[in-house]
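For reference, the structure is listed below as structure tokens.
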There are 2 protein chains.
Amino acid sequence: MTKMEDFQMIERGFVQTQAILVALGDENRQSIIVSLLKAGCDGLRVGQLTEQTHLSRPAVSHHLKILKEAQLVSIRKDGTKHYYAVRPSKNFAIMQQTAAIIERLAEENESK
Amino acid sequence: MTKMEDFQMIERGFVQTQAILVALGDENRQSIIVSLLKAGCDGLRVGQLTEQTHLSRPAVSHHLKILKEAQLVSIRKDGTKHYYAVRPSKNFAIMQQTAAIIERLAEENESK
DNA sequence: TTCCTCCGTTGAAACATTTAAACCTTTTCG
DNA sequence: CGAAAAGGTTTAAATGTTTCAACGGAGGAA
């Protein structure tokens with residue numbers, strides 16, 4: 001892999017993962033993610049998340065929207081009940097890959 | 001690794017990587033990182049970054065401060081000249097590790 | 001239909017972030 | 001010494017984010 005290719009990977013990686021980075025950078029959304037993961041495959045509803053976090057219902061709804069747009073969570077609807085769960089996103093893998101490339105380049109810098 | 005341990009890893013990972021996530025979530029700071037990586041081990045000065053990005057000098061200075069606090073860049077001072085470079089951070093590895101655990105748990109959810 | 005539950009959305013206020021102009025500090029050079 | 005060069009800091013304005021209260025809509029039960 002040439003440096004040129006590395007930089008292109010990083011630039012594309014940044015574009016594709018920006019929404020995830022912003023979404024996961026917020027403490028409240030981190031709490032929501034952890035709650036959802038603990039709940040497992042059944043997921044949780046907005047009301048249940050409101051209980052488990054110290055957030056109001058509209059706030060939970062707002063943060064879920066951001067997580068949804070970052071494609072980190074999915075919804076399953078059963079009547080009026082909306083179950084949210086963390087879902088695997090290919091952008092998640094891209095984030096790891098991008099981070100790995102940056103780390104490698106940074107280490108090359110250090111050793112010279 | 002038990003689920004309990006997974007959740008603990010994620011929670012600690014979130015705390016340790018929050019600054020990085022926020023720092024890398026911003027488009028301007030992403031540009032700065034890319035410019036610095038392209039510059040290699042010598043690094044770049046504030047003035048040079050001002051030319052390469054469409055940011056003013058105080059703006060560059062501001063974003064560098066955030067990147068510095070997230071321990072993503074280092075400074076090397078030579079007289080009045082300050083050279084910034086991307087440096088390897090152990091939090092970078094933690095970010096990848098945390099992402100990997102979440103991804104795995106999300107995939108387990110999906111398959112049930 | 002009517003009521004109730006569960007969520008989403010809107011609008012406004014509170015709060016945080018980002019930016020540029022002006023100013024200050026430190027170092028170097030004449 | 002004084003002037004210039006390179007960056008950092010402060011302040012205030014613009015912008016963006018987060019929050020809650022109030023409202024609206026859709027589905028289920030009687």
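Residues are named by chain letter and number: chains run A, B, ... in the order of the structure tokens, numbers start at 1 in each chain, and ligands are numbered from 1 in the order shown.
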Report task. Write down, as a ChimeraX atom specification, each residue of chain C that has any atom within 7 Å of an atom of chain B, counting only C-alpha atoms (C1' of nucleotides). Result -> /C:19,26-27
(Q) Please identify the helix (DSSP H, G or I) residues within range 28-71 of chain A (assignment by DSSP from backbone atoms) and present them as a PyMOL selection string. (A) chain A and resi 28-42+46-52+57-69
Proximal residues of chain D relative to chain B (only C-alpha atoms (C1' of nucleotides); 9 Å) as a CSV table (one decimal) with N, CA and C atoms (P, O5', C5', C4', C3', O3' and C1' of nucleotides), in the first residue's frame:
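Here's the written file iface38.csv:
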chain,number,residue,atom,x,y,z
D,5,DA,P,8.4,40.4,8.8
D,5,DA,O5',8.7,38.9,9.1
D,5,DA,C5',9.8,38.5,9.9
D,5,DA,C4',9.5,37.3,10.6
D,5,DA,C3',8.3,36.5,10.2
D,5,DA,O3',8.5,35.1,10.3
D,5,DA,C1',8.1,37.0,12.5
D,6,DA,P,7.4,34.1,9.7
D,6,DA,O5',6.9,33.4,11.0
D,6,DA,C5',7.7,32.6,11.8
D,6,DA,C4',7.0,32.2,13.0
D,6,DA,C3',5.6,31.6,12.7
D,6,DA,O3',5.5,30.3,13.2
D,6,DA,C1',5.5,33.2,14.4
D,7,DG,P,4.3,29.3,12.9
D,7,DG,O5',3.5,29.3,14.2
D,7,DG,C5',3.3,30.4,14.9
D,7,DG,C4',3.2,30.1,16.4
D,7,DG,C3',1.9,29.5,16.8
D,7,DG,O3',1.9,28.8,18.0
D,7,DG,C1',2.0,31.8,17.4
D,8,DG,P,0.7,28.0,18.6
D,8,DG,O5',0.1,29.0,19.7
D,8,DG,C5',0.8,29.0,20.9
D,8,DG,C4',0.1,30.1,21.8
D,8,DG,C3',-1.3,29.8,22.3
D,8,DG,O3',-1.4,30.0,23.7
D,8,DG,C1',-1.1,32.0,21.3
List as a PDB file with N, CA and C atoms, in the first residue's frame the protein and nucleic acid residues near Cys41 in chain A, meaning an atom at most 8 Å away when only C-alpha atoms (C1' of nucleotides) are counted, but skip any in the same chain fewer than 3 places from it.
ATOM      1  N   LEU A  37     -27.199  -2.418  23.979  1.00  0.00           N
ATOM      2  CA  LEU A  37     -26.398  -3.644  23.870  1.00  0.00           C
ATOM      3  C   LEU A  37     -26.725  -4.597  25.015  1.00  0.00           C
ATOM      4  N   ALA A  85     -32.460  -1.364  18.516  1.00  0.00           N
ATOM      5  CA  ALA A  85     -31.330  -2.247  18.819  1.00  0.00           C
ATOM      6  C   ALA A  85     -30.110  -1.772  18.047  1.00  0.00           C
TER       7      ALA A  85
ATOM      8  N   GLU B 108     -24.058 -10.484  16.931  1.00  0.00           N
ATOM      9  CA  GLU B 108     -24.737 -11.533  17.707  1.00  0.00           C
ATOM     10  C   GLU B 108     -26.233 -11.228  17.800  1.00  0.00           C
ATOM     11  N   ASN B 109     -26.559  -9.967  18.015  1.00  0.00           N
ATOM     12  CA  ASN B 109     -27.970  -9.559  18.068  1.00  0.00           C
ATOM     13  C   ASN B 109     -28.690  -9.940  16.782  1.00  0.00           C
ATOM     14  N   GLU B 110     -28.041  -9.580  15.700  1.00  0.00           N
ATOM     15  CA  GLU B 110     -28.666  -9.738  14.386  1.00  0.00           C
ATOM     16  C   GLU B 110     -29.016 -11.193  14.089  1.00  0.00           C
ATOM     17  N   LYS B 112     -29.918 -13.582  15.935  1.00  0.00           N
ATOM     18  CA  LYS B 112     -30.837 -14.316  16.830  1.00  0.00           C
ATOM     19  C   LYS B 112     -32.296 -13.991  16.548  1.00  0.00           C
TER      20      LYS B 112
END
- Query: Counting only C-alpha atoms, which residues of chain A come no farther than 10 Å from chain B, as JSON, numbers by chain?
  - Reply: {"A": [3, 4, 6, 7, 8, 10, 11, 14, 15, 17, 18, 19, 20, 21, 22, 23, 24, 25, 26, 27, 30, 31, 33, 34, 35, 36, 37, 38, 39, 40, 41, 42, 43, 72, 73, 85, 86, 87, 88, 89, 90, 92, 93, 95, 96, 97, 98, 99, 100, 102, 103, 104, 105, 106, 107, 108, 109, 110, 111, 112]}
Output file for the residues above (C-alpha atoms, as a PDB file, in the first residue's frame):
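Result written to out.pdb:
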ATOM      1  CA  LYS A   3       1.217   6.495   0.980  1.00  0.00           C
ATOM      2  CA  MET A   4      -1.034   7.960  -1.696  1.00  0.00           C
ATOM      3  CA  ASP A   6      -3.240   5.427   2.517  1.00  0.00           C
ATOM      4  CA  PHE A   7      -4.265   9.075   2.306  1.00  0.00           C
ATOM      5  CA  GLN A   8      -7.141   8.260  -0.037  1.00  0.00           C
ATOM      6  CA  ILE A  10      -8.208   7.988   5.248  1.00  0.00           C
ATOM      7  CA  GLU A  11     -10.025  10.738   3.369  1.00  0.00           C
ATOM      8  CA  PHE A  14     -13.343  10.195   7.345  1.00  0.00           C
ATOM      9  CA  VAL A  15     -16.277  11.022   5.088  1.00  0.00           C
ATOM     10  CA  THR A  17     -17.479   7.615   9.425  1.00  0.00           C
ATOM     11  CA  GLN A  18     -18.065  11.220  10.360  1.00  0.00           C
ATOM     12  CA  ALA A  19     -21.643  10.611  11.418  1.00  0.00           C
ATOM     13  CA  ILE A  20     -20.547   7.705  13.607  1.00  0.00           C
ATOM     14  CA  LEU A  21     -17.745   9.684  15.210  1.00  0.00           C
ATOM     15  CA  VAL A  22     -20.073  12.546  16.067  1.00  0.00           C
ATOM     16  CA  ALA A  23     -22.788  10.172  17.248  1.00  0.00           C
ATOM     17  CA  LEU A  24     -20.464   8.198  19.529  1.00  0.00           C
ATOM     18  CA  GLY A  25     -18.697  11.276  20.857  1.00  0.00           C
ATOM     19  CA  ASP A  26     -21.713  12.240  22.939  1.00  0.00           C
ATOM     20  CA  GLU A  27     -21.961  10.837  26.457  1.00  0.00           C
ATOM     21  CA  GLN A  30     -22.910   6.340  24.509  1.00  0.00           C
ATOM     22  CA  SER A  31     -25.228   5.511  27.428  1.00  0.00           C
ATOM     23  CA  ILE A  33     -25.764   2.387  23.023  1.00  0.00           C
ATOM     24  CA  VAL A  34     -24.656   0.555  26.167  1.00  0.00           C
ATOM     25  CA  SER A  35     -28.259   0.159  27.358  1.00  0.00           C
ATOM     26  CA  LEU A  36     -29.295  -1.191  23.982  1.00  0.00           C
ATOM     27  CA  LEU A  37     -26.398  -3.644  23.870  1.00  0.00           C
ATOM     28  CA  LYS A  38     -27.224  -4.884  27.359  1.00  0.00           C
ATOM     29  CA  ALA A  39     -30.828  -5.419  26.283  1.00  0.00           C
ATOM     30  CA  GLY A  40     -29.643  -7.714  23.504  1.00  0.00           C
ATOM     31  CA  CYS A  41     -31.474  -8.626  20.355  1.00  0.00           C
ATOM     32  CA  ASP A  42     -34.979  -7.720  21.586  1.00  0.00           C
ATOM     33  CA  GLY A  43     -33.969  -4.077  21.873  1.00  0.00           C
ATOM     34  CA  LEU A  72     -25.884   2.522  14.318  1.00  0.00           C
ATOM     35  CA  VAL A  73     -29.340   1.402  15.446  1.00  0.00           C
ATOM     36  CA  ALA A  85     -31.330  -2.247  18.819  1.00  0.00           C
ATOM     37  CA  VAL A  86     -27.695  -1.739  17.903  1.00  0.00           C
ATOM     38  CA  ARG A  87     -27.059  -3.089  14.464  1.00  0.00           C
ATOM     39  CA  PRO A  88     -23.826  -3.957  12.691  1.00  0.00           C
ATOM     40  CA  SER A  89     -22.775  -1.235  10.267  1.00  0.00           C
ATOM     41  CA  LYS A  90     -20.128  -1.545   7.614  1.00  0.00           C
ATOM     42  CA  PHE A  92     -18.046   0.564  11.845  1.00  0.00           C
ATOM     43  CA  ALA A  93     -15.460  -1.605  10.168  1.00  0.00           C
ATOM     44  CA  MET A  95     -13.788   3.353  11.211  1.00  0.00           C
ATOM     45  CA  GLN A  96     -11.494   0.681  12.620  1.00  0.00           C
ATOM     46  CA  GLN A  97      -9.625   0.412   9.358  1.00  0.00           C
ATOM     47  CA  THR A  98      -9.180   4.167   9.057  1.00  0.00           C
ATOM     48  CA  ALA A  99      -7.946   4.363  12.625  1.00  0.00           C
ATOM     49  CA  ALA A 100      -5.480   1.560  11.944  1.00  0.00           C
ATOM     50  CA  ILE A 102      -3.612   6.623  10.823  1.00  0.00           C
ATOM     51  CA  GLU A 103      -1.999   4.796  13.714  1.00  0.00           C
ATOM     52  CA  ARG A 104       0.471   3.105  11.404  1.00  0.00           C
ATOM     53  CA  LEU A 105       1.413   6.363   9.660  1.00  0.00           C
ATOM     54  CA  ALA A 106       1.789   8.093  13.012  1.00  0.00           C
ATOM     55  CA  GLU A 107       4.128   5.352  14.195  1.00  0.00           C
ATOM     56  CA  GLU A 108       6.205   5.665  11.038  1.00  0.00           C
ATOM     57  CA  ASN A 109       6.505   9.394  11.760  1.00  0.00           C
ATOM     58  CA  GLU A 110       7.644   8.740  15.287  1.00  0.00           C
ATOM     59  CA  SER A 111      10.421   6.350  14.338  1.00  0.00           C
ATOM     60  CA  LYS A 112      12.132   8.721  11.925  1.00  0.00           C
TER      61      LYS A 112
END
### Query
Please, what distance in Å, to one decimal, runs between CA of Leu44 in chain A and CA of Tyr83 in chain A?
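About the pair CA of Leu44 in chain A and CA of Tyr83 in chain A: they are 5.0 Å apart.
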- Message: What parts of chain A does DSSP call strand (DSSP E)? I'd like the answer as an MDAnalysis selection string.
- Response: chainID A and resid 73:78 81:86
Could the residues in this selection be saved with all heavy atoms as a tab-separated table (two decimals), in the first residue's frame?
chain	number	residue	atom	x	y	z
A	73	VAL	N	-28.22	2.14	14.84
A	73	VAL	CA	-29.34	1.40	15.45
A	73	VAL	C	-30.42	1.15	14.40
A	73	VAL	O	-30.54	1.86	13.41
A	73	VAL	CB	-29.95	2.17	16.64
A	73	VAL	CG1	-28.91	2.48	17.69
A	73	VAL	CG2	-30.65	3.43	16.18
A	74	SER	N	-31.20	0.10	14.68
A	74	SER	CA	-32.32	-0.22	13.80
A	74	SER	C	-33.61	-0.18	14.62
A	74	SER	O	-33.57	-0.28	15.85
A	74	SER	CB	-32.12	-1.62	13.21
A	74	SER	OG	-32.01	-2.56	14.26
A	75	ILE	N	-34.73	-0.03	13.94
A	75	ILE	CA	-36.03	-0.05	14.62
A	75	ILE	C	-36.82	-1.26	14.18
A	75	ILE	O	-36.80	-1.63	13.01
A	75	ILE	CB	-36.91	1.16	14.27
A	75	ILE	CG1	-36.10	2.44	14.22
A	75	ILE	CG2	-38.05	1.31	15.25
A	75	ILE	CD1	-36.96	3.65	13.92
A	76	ARG	N	-37.52	-1.85	15.14
A	76	ARG	CA	-38.48	-2.89	14.83
A	76	ARG	C	-39.79	-2.41	15.44
A	76	ARG	O	-39.87	-2.13	16.62
A	76	ARG	CB	-38.03	-4.21	15.46
A	76	ARG	CG	-39.02	-5.37	15.30
A	76	ARG	CD	-38.38	-6.68	15.80
A	76	ARG	NE	-37.87	-6.54	17.17
A	76	ARG	CZ	-38.62	-6.73	18.26
A	76	ARG	NH1	-39.89	-7.02	18.16
A	76	ARG	NH2	-38.08	-6.59	19.46
A	77	LYS	N	-40.82	-2.29	14.61
A	77	LYS	CA	-42.09	-1.75	15.10
A	77	LYS	C	-43.10	-2.87	15.31
A	77	LYS	O	-43.26	-3.74	14.47
A	77	LYS	CB	-42.64	-0.73	14.10
A	77	LYS	CG	-41.78	0.51	13.97
A	77	LYS	CD	-42.40	1.55	13.06
A	77	LYS	CE	-41.45	2.76	12.93
A	77	LYS	NZ	-42.00	3.82	12.07
A	78	ASP	N	-43.73	-2.82	16.47
A	78	ASP	CA	-44.76	-3.81	16.81
A	78	ASP	C	-45.94	-3.00	17.35
A	78	ASP	O	-45.97	-2.62	18.51
A	78	ASP	CB	-44.21	-4.78	17.86
A	78	ASP	CG	-45.26	-5.81	18.27
A	78	ASP	OD1	-46.25	-5.97	17.53
A	78	ASP	OD2	-45.09	-6.42	19.34
A	81	LYS	N	-45.42	0.19	19.46
A	81	LYS	CA	-44.16	0.01	20.18
A	81	LYS	C	-42.99	-0.07	19.21
A	81	LYS	O	-42.99	-0.88	18.30
A	81	LYS	CB	-44.24	-1.24	21.05
A	81	LYS	CG	-45.22	-1.09	22.19
A	81	LYS	CD	-45.43	-2.38	22.94
A	81	LYS	CE	-46.49	-2.18	24.03
A	81	LYS	NZ	-46.98	-3.46	24.58
A	82	HIS	N	-41.98	0.76	19.48
A	82	HIS	CA	-40.79	0.79	18.63
A	82	HIS	C	-39.61	0.24	19.42
A	82	HIS	O	-39.22	0.83	20.43
A	82	HIS	CB	-40.48	2.22	18.19
A	82	HIS	CG	-41.56	2.85	17.36
A	82	HIS	ND1	-41.39	4.01	16.64
A	82	HIS	CD2	-42.84	2.47	17.11
A	82	HIS	CE1	-42.51	4.32	16.02
A	82	HIS	NE2	-43.40	3.41	16.29
A	83	TYR	N	-39.07	-0.85	18.95
A	83	TYR	CA	-37.93	-1.46	19.63
A	83	TYR	C	-36.65	-1.09	18.90
A	83	TYR	O	-36.51	-1.36	17.71
A	83	TYR	CB	-38.08	-2.98	19.66
A	83	TYR	CG	-39.20	-3.45	20.55
A	83	TYR	CD1	-40.49	-3.58	20.07
A	83	TYR	CD2	-38.95	-3.73	21.89
A	83	TYR	CE1	-41.52	-3.99	20.90
A	83	TYR	CE2	-39.97	-4.13	22.73
A	83	TYR	CZ	-41.27	-4.27	22.22
A	83	TYR	OH	-42.28	-4.66	23.05
A	84	TYR	N	-35.73	-0.47	19.60
A	84	TYR	CA	-34.44	-0.08	19.03
A	84	TYR	C	-33.36	-1.07	19.44
A	84	TYR	O	-33.35	-1.53	20.59
A	84	TYR	CB	-34.04	1.32	19.51
A	84	TYR	CG	-34.89	2.41	18.93
A	84	TYR	CD1	-36.09	2.78	19.53
A	84	TYR	CD2	-34.52	3.07	17.76
A	84	TYR	CE1	-36.89	3.78	19.00
A	84	TYR	CE2	-35.31	4.06	17.21
A	84	TYR	CZ	-36.49	4.42	17.84
A	84	TYR	OH	-37.27	5.39	17.30
A	85	ALA	N	-32.46	-1.36	18.52
A	85	ALA	CA	-31.33	-2.25	18.82
A	85	ALA	C	-30.11	-1.77	18.05
A	85	ALA	O	-30.23	-1.13	17.00
A	85	ALA	CB	-31.68	-3.69	18.45
A	86	VAL	N	-28.94	-2.06	18.61
A	86	VAL	CA	-27.69	-1.74	17.90
A	86	VAL	C	-27.54	-2.72	16.75
A	86	VAL	O	-27.77	-3.92	16.92
A	86	VAL	CB	-26.48	-1.86	18.84
A	86	VAL	CG1	-25.20	-1.52	18.09
A	86	VAL	CG2	-26.64	-0.95	20.03
What's the separation between C1' of DT15 in chain D and C1' of DC23 in chain C, in Å to one decimal place?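 So the two atoms, C1' of DT15 in chain D and C1' of DC23 in chain C, lie 24.5 Å apart.
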What's around DG16 in chain D at 9 Å? Count only C-alpha atoms (C1' of nucleotides), leave out sequence neighbours fewer than 3 positions away in its own chain, and write the answer as a compact mmCIF listing (two decimals) with N, CA, C and O atoms (P, O5', C5', C4', C3', O3' and C1' of nucleotides), in the first residue's frame.
# COMPACT_ATOMS: atom_id res chain seq x y z
P DA C 16 -22.85 24.67 28.74
O5' DA C 16 -22.37 24.44 27.24
C5' DA C 16 -22.81 23.29 26.54
C4' DA C 16 -22.24 23.28 25.13
C3' DA C 16 -20.73 23.55 25.06
O3' DA C 16 -20.15 22.57 24.23
C1' DA C 16 -21.93 25.05 23.64
P DT C 17 -18.59 22.60 23.92
O5' DT C 17 -18.55 23.18 22.42
C5' DT C 17 -19.47 22.67 21.47
C4' DT C 17 -19.26 23.34 20.14
C3' DT C 17 -17.80 23.53 19.70
O3' DT C 17 -17.71 23.09 18.37
C1' DT C 17 -18.95 25.60 19.60
P DT C 18 -16.26 23.06 17.63
O5' DT C 18 -16.30 24.41 16.77
C5' DT C 18 -17.36 24.60 15.86
C4' DT C 18 -17.25 25.97 15.24
C3' DT C 18 -15.85 26.35 14.74
O3' DT C 18 -15.95 26.70 13.37
C1' DT C 18 -16.78 28.09 16.06
